[in-house]
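Raw structure_23.cif, mmCIF, C-alpha atoms:
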data_query
#
loop_
_atom_site.group_PDB
_atom_site.id
_atom_site.type_symbol
_atom_site.label_atom_id
_atom_site.label_comp_id
_atom_site.auth_asym_id
_atom_site.auth_seq_id
_atom_site.Cartn_x
_atom_site.Cartn_y
_atom_site.Cartn_z
ATOM 1 C CA MET J 215 125.847 107.449 102.747
ATOM 2 C CA ASP J 216 122.334 108.160 104.019
ATOM 3 C CA GLU J 217 122.222 111.702 105.378
ATOM 4 C CA GLY J 218 125.269 113.555 104.098
ATOM 5 C CA LEU J 219 123.439 116.285 102.184
ATOM 6 C CA ARG J 220 120.524 118.521 103.175
ATOM 7 C CA ILE J 221 117.958 119.222 100.473
ATOM 8 C CA PRO J 222 117.914 123.035 100.110
ATOM 9 C CA GLY J 223 114.837 124.694 101.577
ATOM 10 C CA THR J 224 113.829 121.608 103.595
ATOM 11 C CA GLN J 225 114.850 119.758 106.717
ATOM 12 C CA ARG J 226 115.098 116.525 104.692
ATOM 13 C CA ARG J 227 118.506 114.912 104.241
ATOM 14 C CA ILE J 228 119.744 112.433 101.661
ATOM 15 C CA GLY J 229 123.083 110.774 101.198
ATOM 16 C CA LEU J 230 125.261 109.505 98.407
ATOM 17 C CA ASP J 231 123.486 106.136 98.263
ATOM 18 C CA PRO J 232 120.479 107.336 96.209
ATOM 19 C CA ILE J 233 122.801 109.491 94.098
ATOM 20 C CA PHE J 234 125.040 106.489 93.360
ATOM 21 C CA GLY J 235 121.861 104.603 92.494
ATOM 22 C CA LEU J 236 121.307 106.873 89.516
ATOM 23 C CA VAL J 237 124.085 104.965 87.729
ATOM 24 C CA PRO J 238 122.307 101.820 86.442
ATOM 25 C CA GLY J 239 123.543 98.557 87.928
ATOM 26 C CA VAL J 240 126.913 99.760 89.175
ATOM 27 C CA GLY J 241 125.648 102.488 91.512
ATOM 28 C CA ASP J 242 123.477 100.260 93.687
ATOM 29 C CA ALA J 243 126.120 97.549 93.774
ATOM 30 C CA ALA J 244 128.719 100.105 94.897
ATOM 31 C CA GLY J 245 126.334 101.297 97.604
ATOM 32 C CA ALA J 246 125.892 97.712 98.816
ATOM 33 C CA VAL J 247 129.659 97.166 98.924
ATOM 34 C CA LEU J 248 130.103 100.339 100.977
ATOM 35 C CA ALA J 249 127.217 99.321 103.264
ATOM 36 C CA ALA J 250 129.007 96.032 103.899
ATOM 37 C CA ALA J 251 131.648 97.988 105.841
ATOM 38 C CA ILE J 252 129.180 98.422 108.704
ATOM 39 C CA LEU J 253 128.402 94.713 108.518
ATOM 40 C CA MET J 254 132.115 93.880 108.754
ATOM 41 C CA GLU J 255 132.474 96.161 111.780
ATOM 42 C CA ALA J 256 129.565 94.287 113.364
ATOM 43 C CA VAL J 257 131.416 91.016 112.777
ATOM 44 C CA ARG J 258 134.545 92.474 114.336
ATOM 45 C CA ARG J 259 132.536 93.432 117.419
ATOM 46 C CA ASP J 260 130.981 89.940 117.763
ATOM 47 C CA ILE J 261 127.397 91.053 117.238
ATOM 48 C CA THR J 262 124.734 88.335 117.454
ATOM 49 C CA ARG J 263 123.536 86.300 114.473
ATOM 50 C CA PHE J 264 120.038 87.754 114.708
ATOM 51 C CA ALA J 265 121.362 91.306 114.434
ATOM 52 C CA LEU J 266 123.693 90.277 111.583
ATOM 53 C CA VAL J 267 120.774 88.784 109.671
ATOM 54 C CA ARG J 268 118.801 92.005 110.108
ATOM 55 C CA MET J 269 121.768 94.061 108.949
ATOM 56 C CA ALA J 270 122.368 91.843 105.908
ATOM 57 C CA ALA J 271 118.669 91.972 105.064
ATOM 58 C CA ASN J 272 118.773 95.777 105.217
ATOM 59 C CA VAL J 273 121.699 95.853 102.786
ATOM 60 C CA ALA J 274 120.135 93.292 100.437
ATOM 61 C CA LEU J 275 116.744 95.031 100.420
ATOM 62 C CA ASP J 276 118.411 98.373 99.794
ATOM 63 C CA ALA J 277 120.465 96.937 96.915
ATOM 64 C CA LEU J 278 117.669 94.962 95.275
ATOM 65 C CA LEU J 279 114.885 97.520 95.492
ATOM 66 C CA GLY J 280 117.345 100.349 94.862
ATOM 67 C CA ALA J 281 118.188 98.775 91.500
ATOM 68 C CA VAL J 282 114.682 99.536 90.178
ATOM 69 C CA PRO J 283 114.992 102.690 88.038
ATOM 70 C CA VAL J 284 113.603 105.915 89.575
ATOM 71 C CA VAL J 285 111.406 104.191 92.185
ATOM 72 C CA GLY J 286 114.476 102.481 93.610
ATOM 73 C CA ASP J 287 116.282 105.779 94.017
ATOM 74 C CA LEU J 288 113.321 107.176 95.939
ATOM 75 C CA PHE J 289 113.317 104.012 98.054
ATOM 76 C CA ASP J 290 117.051 104.459 98.746
ATOM 77 C CA ALA J 291 116.443 108.012 99.931
ATOM 78 C CA ALA J 292 113.676 106.885 102.302
ATOM 79 C CA TRP J 293 114.893 103.467 103.572
ATOM 80 C CA LYS J 294 118.359 104.548 104.836
ATOM 81 C CA ALA J 295 119.719 101.028 105.392
ATOM 82 C CA ASN J 296 123.073 102.314 106.633
ATOM 83 C CA LEU J 297 121.446 104.324 109.431
ATOM 84 C CA ARG J 298 119.344 101.316 110.395
ATOM 85 C CA ASN J 299 122.445 99.122 110.524
ATOM 86 C CA LEU J 300 124.388 101.693 112.494
ATOM 87 C CA ALA J 301 121.545 101.832 115.043
ATOM 88 C CA LEU J 302 121.639 98.027 115.368
ATOM 89 C CA LEU J 303 125.405 98.130 115.877
ATOM 90 C CA GLU J 304 125.166 100.911 118.477
ATOM 91 C CA ARG J 305 122.456 98.982 120.322
ATOM 92 C CA HIS J 306 124.783 95.989 120.498
ATOM 93 C CA ILE J 307 127.674 98.136 121.726
ATOM 94 C CA ALA J 308 125.448 99.539 124.495
ATOM 95 C CA ALA J 309 124.295 96.061 125.615
ATOM 96 C CA PRO J 310 126.633 93.438 124.110
ATOM 97 C CA ALA J 311 125.728 89.793 123.759
ATOM 98 C CA PRO J 312 128.734 87.725 122.651
ATOM 99 C CA ALA J 313 128.580 85.934 119.333
ATOM 100 C CA LYS J 314 129.347 82.254 118.959
ATOM 101 C CA ARG J 315 131.912 80.671 116.662
ATOM 102 C CA ALA J 316 129.105 79.459 114.367
ATOM 103 C CA ASP J 317 128.095 83.085 113.906
ATOM 104 C CA ARG J 318 131.427 83.815 112.234
ATOM 105 C CA PHE J 319 130.854 81.078 109.640
ATOM 106 C CA PHE J 320 127.335 82.345 109.115
ATOM 107 C CA VAL J 321 128.657 85.856 108.514
ATOM 108 C CA LEU J 322 131.162 84.507 106.025
ATOM 109 C CA GLY J 323 128.284 82.880 104.120
ATOM 110 C CA VAL J 324 126.206 86.060 104.225
ATOM 111 C CA SER J 325 129.201 88.101 103.044
ATOM 112 C CA VAL J 326 129.764 85.775 100.099
ATOM 113 C CA ALA J 327 126.056 85.996 99.241
ATOM 114 C CA LEU J 328 126.198 89.816 99.313
ATOM 115 C CA ILE J 329 129.263 89.826 97.070
ATOM 116 C CA VAL J 330 127.525 87.486 94.604
ATOM 117 C CA LEU J 331 124.456 89.755 94.726
ATOM 118 C CA CYS J 332 126.579 92.820 93.945
ATOM 119 C CA ILE J 333 128.396 91.105 91.079
ATOM 120 C CA GLY J 334 125.072 89.884 89.690
ATOM 121 C CA MET J 335 123.669 93.407 89.836
ATOM 122 C CA MET J 336 126.682 94.814 88.010
ATOM 123 C CA VAL J 337 126.561 92.148 85.305
ATOM 124 C CA GLY J 338 122.784 92.487 84.986
ATOM 125 C CA GLY J 339 123.054 96.267 84.737
ATOM 126 C CA ALA J 340 125.747 96.014 82.074
ATOM 127 C CA LEU J 341 123.707 93.489 80.080
ATOM 128 C CA LEU J 342 120.595 95.640 80.376
ATOM 129 C CA ALA J 343 122.486 98.746 79.295
ATOM 130 C CA GLY J 344 123.938 96.855 76.306
ATOM 131 C CA TRP J 345 120.508 95.546 75.376
ATOM 132 C CA VAL J 346 118.923 99.007 75.518
#
Take the structure in the file and write it out as structure tokens.
Amino acid sequence: MDEGLRIPGTQRRIGLDPIFGLVPGVGDAAGAVLAAAILMEAVRRDITRFALVRMAANVALDALLGAVPVVGDLFDAAWKANLRNLALLERHIAAPAPAKRADRFFVLGVSVALIVLCIGMMVGGALLAGWV
């Protein structure tokens, strides 16, 4: 999602996330839903609450700022939230710290909040497109 394609003539790479973001409302929400897969893998591996909060914040920041036309797509190409989250997950795998039961409930709450955020972005994008 973040580095799948090399920009011809450069060493710079972009992924599908900023390309999806070109579709108003729906594209950034779809990117956030796909980014949540890494978050769910982190839950499965019992990553700590602190790391989960950082990962969720990366996804939310990417989705919210990515929703801004043009500037948001440039932000998506530079921020690379999925790579940041993957690095956090790999760091935890290298030196695991077990999560507590309360962390699972926290993750459930964060997941619901991300889903509500994505739905809100899709509805807002559709309303904005209808208004324009």
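Put simply, the PyMOL selection byres ((chain J and resi 321-326) around 8) on this file hits J:Ala250, J:Val257, J:Arg263, J:Leu266, J:Ala270, J:Asp317, J:Arg318, J:Phe319, J:Phe320, J:Ala327, J:Leu328, J:Ile329, J:Val330.
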Can you spit out the residues from that selection as an mmCIF file, in the coordinates of the input, using C-alpha atoms?
data_model
loop_
_atom_site.group_PDB
_atom_site.id
_atom_site.type_symbol
_atom_site.label_atom_id
_atom_site.label_comp_id
_atom_site.auth_asym_id
_atom_site.auth_seq_id
_atom_site.Cartn_x
_atom_site.Cartn_y
_atom_site.Cartn_z
ATOM 1 C CA ALA J 250 129.007 96.032 103.899
ATOM 2 C CA VAL J 257 131.416 91.016 112.777
ATOM 3 C CA ARG J 263 123.536 86.300 114.473
ATOM 4 C CA LEU J 266 123.693 90.277 111.583
ATOM 5 C CA ALA J 270 122.368 91.843 105.908
ATOM 6 C CA ASP J 317 128.095 83.085 113.906
ATOM 7 C CA ARG J 318 131.427 83.815 112.234
ATOM 8 C CA PHE J 319 130.854 81.078 109.640
ATOM 9 C CA PHE J 320 127.335 82.345 109.115
ATOM 10 C CA ALA J 327 126.056 85.996 99.241
ATOM 11 C CA LEU J 328 126.198 89.816 99.313
ATOM 12 C CA ILE J 329 129.263 89.826 97.070
ATOM 13 C CA VAL J 330 127.525 87.486 94.604
#
### Task
With the file shown as input, list the residues that the PyMOL selection byres ((chain J and resi 235) around 8) selects, as a list in words.
Asp231, Pro232, Ile233, Phe234, Leu236, Val237, Pro238, Gly239, Val240, Gly241, Asp242, Gly245, Gly280, Ala281, Gly286, Asp287 and Asp290 of chain J
Taking C-alpha atoms for each residue, export the selection above as a PDB file, in the coordinates of the input.
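As a result, out_0.pdb now contains:
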ATOM      1  CA  ASP J 231     123.486 106.136  98.263  1.00  0.00           C
ATOM      2  CA  PRO J 232     120.479 107.336  96.209  1.00  0.00           C
ATOM      3  CA  ILE J 233     122.801 109.491  94.098  1.00  0.00           C
ATOM      4  CA  PHE J 234     125.040 106.489  93.360  1.00  0.00           C
ATOM      5  CA  LEU J 236     121.307 106.873  89.516  1.00  0.00           C
ATOM      6  CA  VAL J 237     124.085 104.965  87.729  1.00  0.00           C
ATOM      7  CA  PRO J 238     122.307 101.820  86.442  1.00  0.00           C
ATOM      8  CA  GLY J 239     123.543  98.557  87.928  1.00  0.00           C
ATOM      9  CA  VAL J 240     126.913  99.760  89.175  1.00  0.00           C
ATOM     10  CA  GLY J 241     125.648 102.488  91.512  1.00  0.00           C
ATOM     11  CA  ASP J 242     123.477 100.260  93.687  1.00  0.00           C
ATOM     12  CA  GLY J 245     126.334 101.297  97.604  1.00  0.00           C
ATOM     13  CA  GLY J 280     117.345 100.349  94.862  1.00  0.00           C
ATOM     14  CA  ALA J 281     118.188  98.775  91.500  1.00  0.00           C
ATOM     15  CA  GLY J 286     114.476 102.481  93.610  1.00  0.00           C
ATOM     16  CA  ASP J 287     116.282 105.779  94.017  1.00  0.00           C
ATOM     17  CA  ASP J 290     117.051 104.459  98.746  1.00  0.00           C
TER      18      ASP J 290
END
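Atom CA of J:Ala340 is found 24.6 Å from atom CA of J:Ala295.
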#### Entry: Residue IDs satisfying the PyMOL selection byres ((chain J and resi 265) around 9), as a VMD selection string
chain J and resid 256 261 to 264 266 to 270 299 302 to 303 306
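The residue that comes closest to J:Ile333, out of J:Leu230, J:Ala244, J:Ile307, J:Met215 and on the basis of all atoms listed in the file, is J:Ala244.
Minimum atom-to-atom distances from J:Val282, J:Gly223, J:Met335, J:Arg259 to J:Ala311 were compared using all atoms listed in the file, and the lowest value belongs to J:Arg259.
Atom CA of J:Asp276 to atom CA of J:Trp345 spans 24.7 Å [interatomic distance, one decimal].
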### Query
Skipping near chain neighbours, those fewer than 2 positions away, what residues fall within 8 Å of J:Asn296 using only C-alpha atoms, listed as a ChimeraX atom specification?
/J:215-216,249,252,272-273,294,298-300
### Message
Just the number, please: distance in Å from atom CA of J:Ala246 to atom CA of J:Ala277, one decimal.
### Response
5.8 Å
Using the file's own x, y and z axes, what box holds all listed atoms of stretch 232-247 of chain J with 6 Å on each side, keeping edges along x, y and z, and what are its centre and edge lengths in Å to one decimal, as lines of an AutoDock Vina configuration file?
center_x = 125.1
center_y = 103.3
center_z = 92.7
size_x = 21.2
size_y = 24.3
size_z = 24.5
Since the input lacks atoms, please generate all heavy atoms for stretch 322-333 of chain J and provide them as a JSON list (two decimals), in the coordinates of the input.
[["chain", "number", "residue", "atom", "x", "y", "z"],
["J", 322, "LEU", "N", 130.39, 84.76, 107.23],
["J", 322, "LEU", "CA", 131.16, 84.51, 106.02],
["J", 322, "LEU", "C", 130.23, 84.13, 104.87],
["J", 322, "LEU", "O", 130.36, 84.65, 103.77],
["J", 322, "LEU", "CB", 132.19, 83.40, 106.26],
["J", 322, "LEU", "CG", 133.05, 83.01, 105.07],
["J", 322, "LEU", "CD1", 133.90, 84.19, 104.61],
["J", 322, "LEU", "CD2", 133.90, 81.82, 105.40],
["J", 323, "GLY", "N", 129.27, 83.27, 105.14],
["J", 323, "GLY", "CA", 128.28, 82.88, 104.12],
["J", 323, "GLY", "C", 127.45, 84.06, 103.65],
["J", 323, "GLY", "O", 127.22, 84.23, 102.45],
["J", 324, "VAL", "N", 127.00, 84.88, 104.59],
["J", 324, "VAL", "CA", 126.21, 86.06, 104.22],
["J", 324, "VAL", "C", 127.05, 87.03, 103.41],
["J", 324, "VAL", "O", 126.59, 87.60, 102.43],
["J", 324, "VAL", "CB", 125.64, 86.75, 105.49],
["J", 324, "VAL", "CG1", 125.07, 88.10, 105.17],
["J", 324, "VAL", "CG2", 124.58, 85.86, 106.14],
["J", 325, "SER", "N", 128.31, 87.20, 103.78],
["J", 325, "SER", "CA", 129.20, 88.10, 103.04],
["J", 325, "SER", "C", 129.41, 87.62, 101.61],
["J", 325, "SER", "O", 129.36, 88.42, 100.67],
["J", 325, "SER", "CB", 130.56, 88.21, 103.75],
["J", 325, "SER", "OG", 130.40, 88.73, 105.03],
["J", 326, "VAL", "N", 129.61, 86.33, 101.45],
["J", 326, "VAL", "CA", 129.76, 85.78, 100.10],
["J", 326, "VAL", "C", 128.49, 85.99, 99.30],
["J", 326, "VAL", "O", 128.53, 86.38, 98.13],
["J", 326, "VAL", "CB", 130.15, 84.28, 100.17],
["J", 326, "VAL", "CG1", 130.03, 83.62, 98.81],
["J", 326, "VAL", "CG2", 131.55, 84.13, 100.72],
["J", 327, "ALA", "N", 127.34, 85.79, 99.93],
["J", 327, "ALA", "CA", 126.06, 86.00, 99.24],
["J", 327, "ALA", "C", 125.89, 87.45, 98.82],
["J", 327, "ALA", "O", 125.42, 87.74, 97.70],
["J", 327, "ALA", "CB", 124.90, 85.56, 100.13],
["J", 328, "LEU", "N", 126.29, 88.40, 99.67],
["J", 328, "LEU", "CA", 126.20, 89.82, 99.31],
["J", 328, "LEU", "C", 127.14, 90.16, 98.16],
["J", 328, "LEU", "O", 126.78, 90.93, 97.27],
["J", 328, "LEU", "CB", 126.50, 90.70, 100.52],
["J", 328, "LEU", "CG", 125.39, 90.84, 101.55],
["J", 328, "LEU", "CD1", 125.88, 91.61, 102.77],
["J", 328, "LEU", "CD2", 124.17, 91.51, 100.96],
["J", 329, "ILE", "N", 128.32, 89.57, 98.17],
["J", 329, "ILE", "CA", 129.26, 89.83, 97.07],
["J", 329, "ILE", "C", 128.71, 89.28, 95.76],
["J", 329, "ILE", "O", 128.75, 89.95, 94.72],
["J", 329, "ILE", "CB", 130.65, 89.23, 97.39],
["J", 329, "ILE", "CG1", 131.30, 90.03, 98.52],
["J", 329, "ILE", "CG2", 131.53, 89.19, 96.16],
["J", 329, "ILE", "CD1", 132.54, 89.39, 99.11],
["J", 330, "VAL", "N", 128.14, 88.07, 95.80],
["J", 330, "VAL", "CA", 127.52, 87.49, 94.60],
["J", 330, "VAL", "C", 126.36, 88.36, 94.13],
["J", 330, "VAL", "O", 126.20, 88.61, 92.93],
["J", 330, "VAL", "CB", 127.07, 86.03, 94.87],
["J", 330, "VAL", "CG1", 126.19, 85.50, 93.76],
["J", 330, "VAL", "CG2", 128.28, 85.14, 95.07],
["J", 331, "LEU", "N", 125.56, 88.86, 95.07],
["J", 331, "LEU", "CA", 124.46, 89.76, 94.73],
["J", 331, "LEU", "C", 124.97, 91.01, 94.02],
["J", 331, "LEU", "O", 124.43, 91.42, 92.98],
["J", 331, "LEU", "CB", 123.67, 90.15, 95.98],
["J", 331, "LEU", "CG", 122.62, 91.22, 95.83],
["J", 331, "LEU", "CD1", 121.41, 90.67, 95.07],
["J", 331, "LEU", "CD2", 122.19, 91.74, 97.18],
["J", 332, "CYS", "N", 126.01, 91.61, 94.55],
["J", 332, "CYS", "CA", 126.58, 92.82, 93.94],
["J", 332, "CYS", "C", 127.14, 92.55, 92.55],
["J", 332, "CYS", "O", 126.90, 93.33, 91.63],
["J", 332, "CYS", "CB", 127.67, 93.40, 94.85],
["J", 332, "CYS", "SG", 127.02, 94.05, 96.39],
["J", 333, "ILE", "N", 127.85, 91.45, 92.40],
["J", 333, "ILE", "CA", 128.40, 91.10, 91.08],
["J", 333, "ILE", "C", 127.26, 90.85, 90.10],
["J", 333, "ILE", "O", 127.29, 91.31, 88.95],
["J", 333, "ILE", "CB", 129.34, 89.89, 91.18],
["J", 333, "ILE", "CG1", 130.61, 90.28, 91.94],
["J", 333, "ILE", "CG2", 129.68, 89.34, 89.80],
["J", 333, "ILE", "CD1", 131.50, 89.12, 92.31]]
